[in-house]
Structures are given as C-alpha cells and as structure tokens.
>>> print(open('start_7.pdb').read())   # PDB, C-alpha atoms
ATOM      1  CA  MET A 184       9.461 -16.947  10.386
ATOM      2  CA  TYR A 185      11.646 -13.894   9.829
ATOM      3  CA  GLY A 186      11.354 -10.346   8.611
ATOM      4  CA  MET A 187       7.980  -8.633   8.336
ATOM      5  CA  ILE A 188       4.761 -10.601   8.808
ATOM      6  CA  PHE A 189       1.776  -9.284   6.830
ATOM      7  CA  CYS A 190      -1.703 -10.571   7.637
ATOM      8  CA  VAL A 191      -4.217  -9.827   4.862
ATOM      9  CA  ILE A 192      -7.942  -9.954   5.707
ATOM     10  CA  ALA A 193      -9.226  -9.110   2.262
ATOM     11  CA  ASP A 194     -12.978  -9.567   2.506
ATOM     12  CA  LYS A 195     -14.083  -8.900   6.103
ATOM     13  CA  LYS A 196     -15.280  -5.917   8.082
ATOM     14  CA  LEU A 197     -12.840  -4.749  10.724
ATOM     15  CA  LYS A 198     -15.519  -4.678  13.429
ATOM     16  CA  ASP A 199     -16.080  -8.421  12.944
ATOM     17  CA  VAL A 200     -12.435  -9.229  13.699
ATOM     18  CA  LYS A 201     -11.685  -9.440  17.422
ATOM     19  CA  SER A 202      -8.203 -10.937  17.260
ATOM     20  CA  LEU A 203      -5.388 -11.454  14.783
ATOM     21  CA  PRO A 204      -2.566 -13.950  14.392
ATOM     22  CA  GLU A 205       0.816 -12.623  15.445
ATOM     23  CA  CYS A 206       1.935 -10.174  12.768
ATOM     24  CA  ASP A 207       3.602  -6.821  12.139
ATOM     25  CA  PHE A 208       0.902  -5.509   9.792
ATOM     26  CA  ALA A 209      -2.802  -6.318   9.406
ATOM     27  CA  ILE A 210      -4.204  -5.365   6.004
ATOM     28  CA  PHE A 211      -7.963  -4.942   5.499
ATOM     29  CA  GLY A 212      -9.563  -4.399   2.099
ATOM     30  CA  PHE A 213     -12.175  -1.787   1.266
ATOM     31  CA  LYS A 214     -14.817  -3.722   3.207
ATOM     32  CA  GLY A 215     -12.740  -3.178   6.339
ATOM     33  CA  LEU A 216     -14.204   0.220   7.213
ATOM     34  CA  GLY A 217     -16.616   0.714   4.320
ATOM     35  CA  GLU A 218     -17.559   4.374   3.896
ATOM     36  CA  VAL A 219     -16.314   6.810   6.527
ATOM     37  CA  ASN A 220     -17.902  10.243   6.937
ATOM     38  CA  TYR A 221     -15.374  12.657   8.433
ATOM     39  CA  GLU A 222     -18.117  14.841   9.922
ATOM     40  CA  ASP A 223     -19.669  11.877  11.722
ATOM     41  CA  GLU A 224     -16.256  10.828  13.011
ATOM     42  CA  LEU A 225     -15.574  14.323  14.397
ATOM     43  CA  LYS A 226     -19.025  14.537  16.014
ATOM     44  CA  GLY A 227     -18.663  11.122  17.621
ATOM     45  CA  LEU A 228     -21.547   9.634  15.628
ATOM     46  CA  SER A 229     -19.196   6.955  14.324
ATOM     47  CA  ASP A 230     -15.811   5.686  15.501
ATOM     48  CA  LYS A 231     -14.459   3.616  12.627
ATOM     49  CA  PHE A 232     -10.965   5.087  12.754
ATOM     50  CA  GLU A 233     -10.932   4.561  16.506
ATOM     51  CA  ASP A 234     -11.924   0.912  15.999
ATOM     52  CA  ALA A 235      -8.856   0.466  13.781
ATOM     53  CA  ALA A 236      -6.627   2.162  16.343
ATOM     54  CA  ARG A 237      -7.991  -0.022  19.143
ATOM     55  CA  LEU A 238      -7.349  -3.200  17.153
ATOM     56  CA  SER A 239      -3.796  -2.065  16.427
ATOM     57  CA  LYS A 240      -3.261  -1.525  20.156
ATOM     58  CA  SER A 241      -4.743  -4.821  21.314
ATOM     59  CA  CYS A 242      -2.867  -6.824  18.660
ATOM     60  CA  LYS A 243       0.324  -4.743  18.886
ATOM     61  CA  CYS A 244       0.698  -4.253  15.150
ATOM     62  CA  GLY A 245       0.065  -1.787  12.361
ATOM     63  CA  VAL A 246      -3.493  -1.849  10.968
ATOM     64  CA  LEU A 247      -4.089  -0.570   7.431
ATOM     65  CA  CYS A 248      -7.682  -0.365   6.190
ATOM     66  CA  GLY A 249      -9.069   0.473   2.795
ATOM     67  CA  CYS A 250     -12.128   2.744   2.867
ATOM     68  CA  ARG A 251     -14.107   5.364   1.024
ATOM     69  CA  THR A 252     -13.980   8.714   2.813
ATOM     70  CA  LEU A 253     -16.665  11.379   2.526
ATOM     71  CA  SER A 254     -15.976  15.033   3.328
ATOM     72  CA  ARG A 255     -18.651  17.667   2.548
ATOM     73  CA  GLY A 256     -19.920  15.677  -0.387
ATOM     74  CA  ILE A 257     -16.460  14.853  -1.749
ATOM     75  CA  LEU A 258     -15.778  11.127  -2.040
ATOM     76  CA  ARG A 259     -12.273   9.657  -2.060
ATOM     77  CA  LYS A 260     -10.726   6.204  -2.020
ATOM     78  CA  SER A 261      -8.481   6.112   1.008
ATOM     79  CA  VAL A 262      -6.479   4.018   3.444
ATOM     80  CA  SER A 263      -6.370   4.606   7.203
ATOM     81  CA  ILE A 264      -3.147   3.791   9.012
ATOM     82  CA  ALA A 265      -2.987   2.990  12.737
ATOM     83  CA  ASP A 266      -0.084   1.682  14.786
ATOM     84  CA  ARG A 267      -0.297   0.392  18.354
ATOM     85  CA  GLY A 268      -3.233   2.544  19.347
ATOM     86  CA  LYS A 269      -2.437   5.690  17.344
ATOM     87  CA  LEU A 270      -4.011   6.853  14.106
ATOM     88  CA  LEU A 271      -0.981   7.827  11.989
ATOM     89  CA  GLY A 272      -2.935   9.276   9.093
ATOM     90  CA  ILE A 273      -5.221   8.860   6.086
ATOM     91  CA  SER A 274      -3.826   8.553   2.564
ATOM     92  CA  ASP A 275      -5.949   9.128  -0.550
ATOM     93  CA  MET A 276      -5.779   7.808  -4.099
ATOM     94  CA  THR A 277      -3.984  10.459  -6.153
ATOM     95  CA  HIS A 278      -5.088   9.482  -9.692
ATOM     96  CA  VAL A 279      -8.758   9.628 -10.715
ATOM     97  CA  LEU A 280      -9.632   8.405 -14.205
ATOM     98  CA  ASP A 281     -12.261   9.863 -16.543
ATOM     99  CA  GLY A 282     -15.827   9.026 -15.549
ATOM    100  CA  GLU A 283     -15.074   8.163 -11.915
ATOM    101  CA  ASP A 284     -16.985   9.882  -9.115
ATOM    102  CA  TYR A 285     -13.991  10.326  -6.835
ATOM    103  CA  LYS A 286     -11.770  13.268  -5.957
ATOM    104  CA  SER A 287      -8.008  12.856  -6.088
ATOM    105  CA  GLY A 288      -5.824  13.281  -3.052
ATOM    106  CA  ALA A 289      -2.228  14.456  -2.935
ATOM    107  CA  GLY A 290       1.113  13.388  -1.568
ATOM    108  CA  LEU A 291       3.052  10.144  -1.320
ATOM    109  CA  GLY A 292       1.804   7.729   1.349
ATOM    110  CA  VAL A 293       4.906   6.665   3.316
ATOM    111  CA  TYR A 294       4.622   5.642   6.973
ATOM    112  CA  HIS A 295       6.983   4.414   9.670
ATOM    113  CA  ILE A 296       5.253   1.451  11.292
ATOM    114  CA  GLY A 297       6.918  -0.823  13.827
ATOM    115  CA  GLY A 298      10.408   0.198  12.751
ATOM    116  CA  TYR A 299       9.737  -0.313   9.028
ATOM    117  CA  LYS A 300       9.054   2.172   6.245
ATOM    118  CA  ILE A 301       5.919   1.205   4.299
ATOM    119  CA  GLY A 302       4.582   2.753   1.092
ATOM    120  CA  LEU A 303       0.860   2.828   0.217
ATOM    121  CA  CYS A 304      -0.498   2.487  -3.312
ATOM    122  CA  ILE A 305      -4.259   2.896  -3.781
ATOM    123  CA  GLU A 306      -6.267   1.583  -6.747
ATOM    124  CA  ASN A 307      -5.489   3.683  -9.880
ATOM    125  CA  ASP A 308      -2.114   4.762  -8.496
ATOM    126  CA  LEU A 309      -0.825   1.291  -9.391
ATOM    127  CA  TYR A 310      -0.942   2.223 -13.083
ATOM    128  CA  PHE A 311       1.531   5.084 -12.640
ATOM    129  CA  PRO A 312       5.078   3.756 -12.053
ATOM    130  CA  ASP A 313       6.537   7.030 -10.768
ATOM    131  CA  GLY A 314       5.015   6.322  -7.371
ATOM    132  CA  MET A 315       6.661   2.908  -7.076
ATOM    133  CA  LYS A 316       9.988   4.355  -8.182
ATOM    134  CA  ALA A 317       9.657   7.049  -5.493
ATOM    135  CA  PHE A 318       8.932   4.410  -2.825
ATOM    136  CA  SER A 319      12.113   2.610  -3.827
ATOM    137  CA  MET A 320      14.230   5.761  -3.891
ATOM    138  CA  CYS A 321      13.079   6.884  -0.440
ATOM    139  CA  GLY A 322      13.994   3.515   1.084
ATOM    140  CA  CYS A 323      10.647   1.803   1.680
ATOM    141  CA  ASN A 324      10.935  -1.753   2.991
ATOM    142  CA  ALA A 325       7.696  -2.835   1.294
ATOM    143  CA  VAL A 326       4.648  -1.460  -0.519
ATOM    144  CA  VAL A 327       1.015  -2.348   0.177
ATOM    145  CA  VAL A 328      -1.447  -2.041  -2.713
ATOM    146  CA  PHE A 329      -5.201  -1.664  -2.144
ATOM    147  CA  MET A 330      -7.621  -2.578  -4.955
ATOM    148  CA  GLU A 331     -11.371  -2.654  -4.349
ATOM    149  CA  GLU A 332     -11.736  -5.462  -6.876
ATOM    150  CA  LEU A 333      -9.633  -7.260  -9.454
ATOM    151  CA  LYS A 334     -11.152  -6.319 -12.814
ATOM    152  CA  ASN A 335      -8.467  -7.945 -14.978
ATOM    153  CA  THR A 336      -5.113  -9.712 -14.820
ATOM    154  CA  LEU A 337      -3.011  -6.553 -15.162
ATOM    155  CA  PRO A 338      -2.498  -5.636 -11.442
ATOM    156  CA  PRO A 339      -0.728  -8.941 -10.557
ATOM    157  CA  LEU A 340       1.522  -8.487 -13.594
ATOM    158  CA  LEU A 341       2.323  -4.918 -12.569
ATOM    159  CA  ILE A 342       3.283  -5.755  -8.992
ATOM    160  CA  ARG A 343       5.588  -8.507 -10.274
ATOM    161  CA  ALA A 344       7.268  -6.051 -12.622
ATOM    162  CA  TYR A 345       7.581  -3.312  -9.995
ATOM    163  CA  SER A 346       8.995  -5.725  -7.405
ATOM    164  CA  HIS A 347      11.680  -6.868  -9.804
ATOM    165  CA  LEU A 348      12.516  -3.457 -11.290
ATOM    166  CA  TYR A 349      12.549  -1.448  -8.076
ATOM    167  CA  GLY A 350      13.614  -4.061  -5.499
ATOM    168  CA  LEU A 351      10.392  -3.754  -3.473
ATOM    169  CA  PRO A 352       8.336  -6.554  -1.944
ATOM    170  CA  VAL A 353       4.690  -5.774  -2.784
ATOM    171  CA  ILE A 354       1.629  -7.031  -0.891
ATOM    172  CA  MET A 355      -1.700  -6.491  -2.649
ATOM    173  CA  CYS A 356      -5.247  -6.778  -1.333
ATOM    174  CA  ALA A 357      -7.750  -6.976  -4.200
ATOM    175  CA  GLY A 358     -11.378  -7.861  -3.542
ATOM    176  CA  ASN A 359     -11.363 -11.247  -1.795
ATOM    177  CA  MET A 360      -7.808 -12.075  -2.896
ATOM    178  CA  ALA A 361      -4.340 -11.443  -1.511
ATOM    179  CA  TYR A 362      -1.043 -11.336  -3.404
ATOM    180  CA  TYR A 363       2.609 -11.130  -2.461
ATOM    181  CA  SER A 364       5.328 -10.403  -5.014
ATOM    182  CA  GLU A 365       9.020 -10.860  -4.171
ATOM    183  CA  ILE A 366      11.860  -8.849  -5.708
ATOM    184  CA  THR A 367      12.674 -11.870  -7.885
ATOM    185  CA  GLY A 368       9.275 -11.477  -9.562
ATOM    186  CA  GLU A 369       7.878 -14.613  -7.930
ATOM    187  CA  ILE A 370       4.282 -14.175  -6.817
ATOM    188  CA  ALA A 371       2.030 -15.910  -4.278
ATOM    189  CA  THR A 372      -1.782 -15.811  -4.449
ATOM    190  CA  SER A 373      -4.275 -16.588  -1.691
ATOM    191  CA  PHE A 374      -8.064 -16.863  -1.520
ATOM    192  CA  GLN A 375      -8.079 -17.539   2.232
ATOM    193  CA  ASP A 376     -10.036 -15.394   4.678
ATOM    194  CA  CYS A 377      -6.772 -14.635   6.472
ATOM    195  CA  SER A 378      -3.488 -14.848   4.569
ATOM    196  CA  LEU A 379      -0.049 -14.604   6.188
ATOM    197  CA  PHE A 380       2.986 -13.515   4.185
ATOM    198  CA  ASP A 381       6.508 -13.652   5.606
ATOM    199  CA  VAL A 382       8.313 -10.801   3.874
ATOM    200  CA  GLU A 383      12.066 -10.364   4.024
ATOM    201  CA  PRO A 384      13.145  -6.704   3.808
ATOM    202  CA  HIS A 385      15.869  -6.143   1.231
ATOM    203  CA  GLY A 386      18.538  -3.464   1.290
ATOM    204  CA  GLN A 387      20.804  -4.572  -1.517
ATOM    205  CA  TYR A 388      21.865  -2.035  -4.120
ATOM    206  CA  ARG A 389      23.695  -2.545  -7.397
ATOM    207  CA  LEU A 390      25.791  -0.147  -9.433
ATOM    208  CA  VAL A 391      24.265   0.965 -12.739
ATOM    209  CA  THR A 392      26.270   3.243 -15.068
ATOM    210  CA  THR A 393      25.207   5.027 -18.253
ATOM    211  CA  ARG A 394      26.617   7.367 -20.886
ATOM    212  CA  THR A 395      24.964  10.552 -22.068
ATOM    213  CA  LYS A 396      25.733  13.485 -24.324
ATOM    214  CA  GLY A 397      26.061  16.952 -22.864
ATOM    215  CA  LEU A 398      27.588  18.332 -19.649
ATOM    216  CA  TYR A 399      30.755  18.954 -21.674
ATOM    217  CA  THR A 400      33.960  20.182 -20.063
ATOM    218  CA  GLU A 401      37.443  20.510 -21.531
ATOM    219  CA  GLU A 402      38.549  17.619 -19.365
ATOM    220  CA  SER A 403      35.863  15.304 -20.761
ATOM    221  CA  ASP A 404      37.123  12.332 -22.713
ATOM    222  CA  ASP A 405      35.755  12.407 -26.248
ATOM    223  CA  TYR A 406      34.783   8.736 -26.670
TER     224      TYR A 406
END
>>> encode(input="start_7.pdb", output="structure tokens")
Amino acid sequence: MYGMIFCVIADKKLKDVKSLPECDFAIFGFKGLGEVNYEDELKGLSDKFEDAARLSKSCKCGVLCGCRTLSRGILRKSVSIADRGKLLGISDMTHVLDGEDYKSGAGLGVYHIGGYKIGLCIENDLYFPDGMKAFSMCGCNAVVVFMEELKNTLPPLLIRAYSHLYGLPVIMCAGNMAYYSEITGEIATSFQDCSLFDVEPHGQYRLVTTRTKGLYTEESDDY
C-alpha cells in the first residue's frame, strides 16, 4: 500500500469499535456518535467527543465522525475531527434546504491530519460546487463527504465529477455504503462493514489559458 489509507466504518457506533486496521484516517458515518448535546459534553454527562479522541490516540490515526449536534435547542449536522488523542474541531453543514429542521454552520472545514490536508463536505454541501473548488484551490490532498443516507444516485455522480474537474480524491460515507472516487473519475463502491481505500495524493497541475475582453491597455494586442 502507499499514500493515504482511509478506513470507512459506515454503519457502526464508535463505542462498539475497539480497534481498527492500520490506517491514516478512520471515517464513521452519522451512527458513529449519534446525537451529541454540547451541554452534556461540557458537564461531563456524556463523553462522545472524548471517545473519538481516545480511539484516535490508541489507533494512532485521524478519526472523523458524523453526528448531529444539539446546542440550546439548535440542531446541526456535524463532523467531529480528532487526531492522535486531540479533538481538532467540529465542522457543521453550511447549507440547509427548505423544510429541514437544521441550522446552518459557517466556514470551510479544512484540517491538517497526520501531515495531510483534508477537506470536509457534509450532506447538502455536496450540491454546491464552490466548496469543492475551494478545497482544490487551497491544496487539500483529499475530501471526505458525509451523507446520512443515499436517497438517490446523484451523490456518486457528483463526487466522480468533482474528482475529475478539481483533481481531488473523494471518499464518501453514505448510510451503510462507502465510495472512493479517483481524479480519473473511476469510482469504487463497498457495502462492507469496514472498507479500506488506498488513496494516492496528487499534486499535479496543468496550465489553462483563456481570453477575455476588457482590462485594455495601449500595449494590448488587438486580436
């Protein structure tokens, strides 16, 4: 194996997983932590984020867990990020569609984990390509997508397109399924309880030129 090793545990609770195969990143779906109440976490009534941090320390890898976070009655779809015993942060879904009972978060989820730069895309954010373009422009090595369930065939098509257009390997956890899309647009699908993807980071760039009207100077060639 070479590059980055992603282990996707799509349909299990984190507390039921005591060990992991050797990997750089362990990805848990929305069942991983379930619903997390920030007030309970601060009061010590629950320790779900700490459980994720402990697993990342014992397995010496990054642990990324989908969850629903509750703060003073406000519900968000989120991802917790831990690396080798430290909780690096919580990222929230930034796009909430009409009729949904969630609150949007803010900011682009980019984290340095184990020497790599990883972008996070949560649920509805997948349908807005500006985020993927930003991940590519800021030099992410890969993007991890979290979907609570796969409602249609569009998400796999989107990650294939984004991988090819923006040069980003994309790993997606959706319900009980795992996906990996290469920059060529090739895609792998797994229904296994634990799926391993060997992801090669890419740093190739190509020159793209374009012509546009405007920005005129006397030295400009008129053709």
>>> residues_around(input="start_7.pdb", residues="stretch 205-213 of chain A", least_positions_apart="4", cutoff="9 Å", atoms="all atoms listed in the file", output="ChimeraX atom specification")
/A:187-197,217-218,239,242-251,260-262,266,296-297,327,329-332,356-359,379
>>> closest_residue(input="start_7.pdb", among="A:Cys377, A:Leu225, A:Ala325, A:Leu340", to="A:Met360", atoms="only C-alpha atoms")
A:Cys377
>>> closest_residue(input="start_7.pdb", among="A:Tyr294, A:Tyr299, A:Tyr363, A:Phe311", to="A:Arg343", atoms="only C-alpha atoms")
A:Tyr363
>>> residues_around(input="start_7.pdb", residues="A:Phe318", least_positions_apart="2", cutoff="10 Å", atoms="only C-alpha atoms", output="ChimeraX atom specification")
/A:291-293,300-304,313-316,320-326,349,351
>>> write_last_selection(input="start_7.pdb", atoms="C-alpha atoms", output="mmCIF file, keeping the file's coordinate frame")
data_model
loop_
_atom_site.group_PDB
_atom_site.id
_atom_site.type_symbol
_atom_site.label_atom_id
_atom_site.label_comp_id
_atom_site.auth_asym_id
_atom_site.auth_seq_id
_atom_site.Cartn_x
_atom_site.Cartn_y
_atom_site.Cartn_z
ATOM 1 C CA LEU A 291 3.052 10.144 -1.320
ATOM 2 C CA GLY A 292 1.804 7.729 1.349
ATOM 3 C CA VAL A 293 4.906 6.665 3.316
ATOM 4 C CA LYS A 300 9.054 2.172 6.245
ATOM 5 C CA ILE A 301 5.919 1.205 4.299
ATOM 6 C CA GLY A 302 4.582 2.753 1.092
ATOM 7 C CA LEU A 303 0.860 2.828 0.217
ATOM 8 C CA CYS A 304 -0.498 2.487 -3.312
ATOM 9 C CA ASP A 313 6.537 7.030 -10.768
ATOM 10 C CA GLY A 314 5.015 6.322 -7.371
ATOM 11 C CA MET A 315 6.661 2.908 -7.076
ATOM 12 C CA LYS A 316 9.988 4.355 -8.182
ATOM 13 C CA MET A 320 14.230 5.761 -3.891
ATOM 14 C CA CYS A 321 13.079 6.884 -0.440
ATOM 15 C CA GLY A 322 13.994 3.515 1.084
ATOM 16 C CA CYS A 323 10.647 1.803 1.680
ATOM 17 C CA ASN A 324 10.935 -1.753 2.991
ATOM 18 C CA ALA A 325 7.696 -2.835 1.294
ATOM 19 C CA VAL A 326 4.648 -1.460 -0.519
ATOM 20 C CA TYR A 349 12.549 -1.448 -8.076
ATOM 21 C CA LEU A 351 10.392 -3.754 -3.473
#
>>> closest_residue(input="start_7.pdb", among="A:Lys214, A:Gly256, A:Gly186, A:Ile305", to="A:Asp275", atoms="only C-alpha atoms")
A:Ile305
>>> closest_residue(input="start_7.pdb", among="A:Glu233, A:Lys226, A:Leu258, A:Leu238", to="A:Lys201", atoms="all atoms listed in the file")
A:Leu238
>>> atom_distance(input="start_7.pdb", atom1="atom CA of A:Tyr221", atom2="atom CA of A:Ile273")
11.1 Å
>>> residues_near_point(input="start_7.pdb", point="(-12.8, 8.1, -7.0)", cutoff="10 Å", atoms="all atoms listed in the file", output="ChimeraX atom specification")
/A:251-252,257-261,275-288,306-307
>>> residues_around(input="start_7.pdb", residues="A:Thr367", least_positions_apart="3", cutoff="10 Å", atoms="only C-alpha atoms", output="list of chain:residue names")
A:Arg343, A:Ala344, A:Ser346, A:His347, A:Leu348, A:Gly350, A:Leu351, A:Pro352, A:Ser364, A:Ile370
>>> atom_distance(input="start_7.pdb", atom1="atom CA of A:Gly268", atom2="atom CA of A:Arg237")
5.4 Å
>>> closest_residue(input="start_7.pdb", among="A:Asn220, A:Ser263, A:Asn335, A:Thr395", to="A:Ala236", atoms="all atoms listed in the file")
A:Ser263
>>> decode(input="start_7.pdb", residues="stretch 225-237 of chain A", atoms="all heavy atoms", output="CSV table (one decimal), in the first residue's frame")
chain,number,residue,atom,x,y,z
A,225,LEU,N,-20.1,19.3,28.1
A,225,LEU,CA,-19.4,20.2,28.9
A,225,LEU,C,-19.5,19.9,30.4
A,225,LEU,O,-18.6,20.1,31.2
A,225,LEU,CB,-19.8,21.6,28.7
A,225,LEU,CG,-19.5,22.2,27.3
A,225,LEU,CD1,-20.2,23.6,27.1
A,225,LEU,CD2,-18.0,22.4,27.2
A,226,LYS,N,-20.7,19.3,30.8
A,226,LYS,CA,-21.0,19.0,32.2
A,226,LYS,C,-20.4,17.6,32.5
A,226,LYS,O,-20.5,17.2,33.7
A,226,LYS,CB,-22.5,19.0,32.4
A,226,LYS,CG,-23.1,20.4,32.4
A,226,LYS,CD,-24.6,20.3,32.7
A,226,LYS,CE,-25.2,21.7,32.7
A,226,LYS,NZ,-26.7,21.6,33.0
A,227,GLY,N,-19.9,16.9,31.6
A,227,GLY,CA,-19.4,15.6,31.8
A,227,GLY,C,-20.4,14.5,31.9
A,227,GLY,O,-20.1,13.4,32.3
A,228,LEU,N,-21.7,14.8,31.5
A,228,LEU,CA,-22.7,13.8,31.5
A,228,LEU,C,-22.6,12.8,30.3
A,228,LEU,O,-23.2,11.7,30.3
A,228,LEU,CB,-24.1,14.5,31.4
A,228,LEU,CG,-24.4,15.4,32.6
A,228,LEU,CD1,-25.7,16.1,32.3
A,228,LEU,CD2,-24.4,14.7,33.9
A,229,SER,N,-21.8,13.2,29.3
A,229,SER,CA,-21.5,12.3,28.2
A,229,SER,C,-20.1,12.6,27.7
A,229,SER,O,-19.6,13.7,28.0
A,229,SER,CB,-22.5,12.5,27.0
A,229,SER,OG,-22.3,13.8,26.4
A,230,ASP,N,-19.5,11.7,27.1
A,230,ASP,CA,-18.1,11.9,26.6
A,230,ASP,C,-17.8,11.3,25.2
A,230,ASP,O,-16.9,10.7,25.0
A,230,ASP,CB,-17.1,11.3,27.6
A,230,ASP,CG,-17.3,9.8,27.9
A,230,ASP,OD1,-18.3,9.3,27.3
A,230,ASP,OD2,-16.5,9.2,28.6
A,231,LYS,N,-18.8,11.7,24.3
A,231,LYS,CA,-18.7,11.1,23.0
A,231,LYS,C,-17.5,11.6,22.2
A,231,LYS,O,-16.8,10.9,21.5
A,231,LYS,CB,-20.0,11.4,22.2
A,231,LYS,CG,-21.2,10.6,22.8
A,231,LYS,CD,-22.5,10.9,22.0
A,231,LYS,CE,-23.6,10.1,22.6
A,231,LYS,NZ,-24.9,10.3,21.8
A,232,PHE,N,-17.2,12.9,22.3
A,232,PHE,CA,-16.1,13.5,21.6
A,232,PHE,C,-14.8,12.9,22.2
A,232,PHE,O,-13.8,12.7,21.5
A,232,PHE,CB,-16.1,15.0,21.8
A,232,PHE,CG,-17.2,15.7,21.0
A,232,PHE,CD1,-17.8,16.9,21.5
A,232,PHE,CD2,-17.6,15.2,19.8
A,232,PHE,CE1,-18.8,17.5,20.8
A,232,PHE,CE2,-18.6,15.8,19.1
A,232,PHE,CZ,-19.2,17.0,19.6
A,233,GLU,N,-14.8,12.7,23.5
A,233,GLU,CA,-13.6,12.1,24.2
A,233,GLU,C,-13.4,10.7,23.7
A,233,GLU,O,-12.2,10.3,23.5
A,233,GLU,CB,-13.7,12.2,25.7
A,233,GLU,CG,-12.5,11.8,26.4
A,233,GLU,CD,-12.6,11.9,27.9
A,233,GLU,OE1,-13.5,12.6,28.4
A,233,GLU,OE2,-11.8,11.3,28.7
A,234,ASP,N,-14.5,10.0,23.5
A,234,ASP,CA,-14.3,8.6,23.0
A,234,ASP,C,-13.6,8.6,21.6
A,234,ASP,O,-12.8,7.7,21.3
A,234,ASP,CB,-15.7,8.0,22.8
A,234,ASP,CG,-16.4,7.6,24.2
A,234,ASP,OD1,-15.6,7.5,25.2
A,234,ASP,OD2,-17.6,7.4,24.2
A,235,ALA,N,-14.0,9.5,20.8
A,235,ALA,CA,-13.4,9.6,19.4
A,235,ALA,C,-11.9,10.0,19.6
A,235,ALA,O,-11.1,9.4,18.9
A,235,ALA,CB,-14.1,10.7,18.6
A,236,ALA,N,-11.6,10.9,20.5
A,236,ALA,CA,-10.2,11.3,20.7
A,236,ALA,C,-9.4,10.1,21.2
A,236,ALA,O,-8.2,9.9,20.8
A,236,ALA,CB,-10.1,12.5,21.7
A,237,ARG,N,-10.0,9.4,22.2
A,237,ARG,CA,-9.3,8.2,22.7
A,237,ARG,C,-9.0,7.2,21.6
A,237,ARG,O,-7.9,6.6,21.6
A,237,ARG,CB,-10.1,7.6,23.8
A,237,ARG,CG,-9.9,8.3,25.2
A,237,ARG,CD,-10.4,7.4,26.3
A,237,ARG,NE,-11.9,7.2,26.2
A,237,ARG,CZ,-12.7,7.9,26.9
A,237,ARG,NH1,-12.3,8.9,27.8
A,237,ARG,NH2,-14.0,7.7,26.8
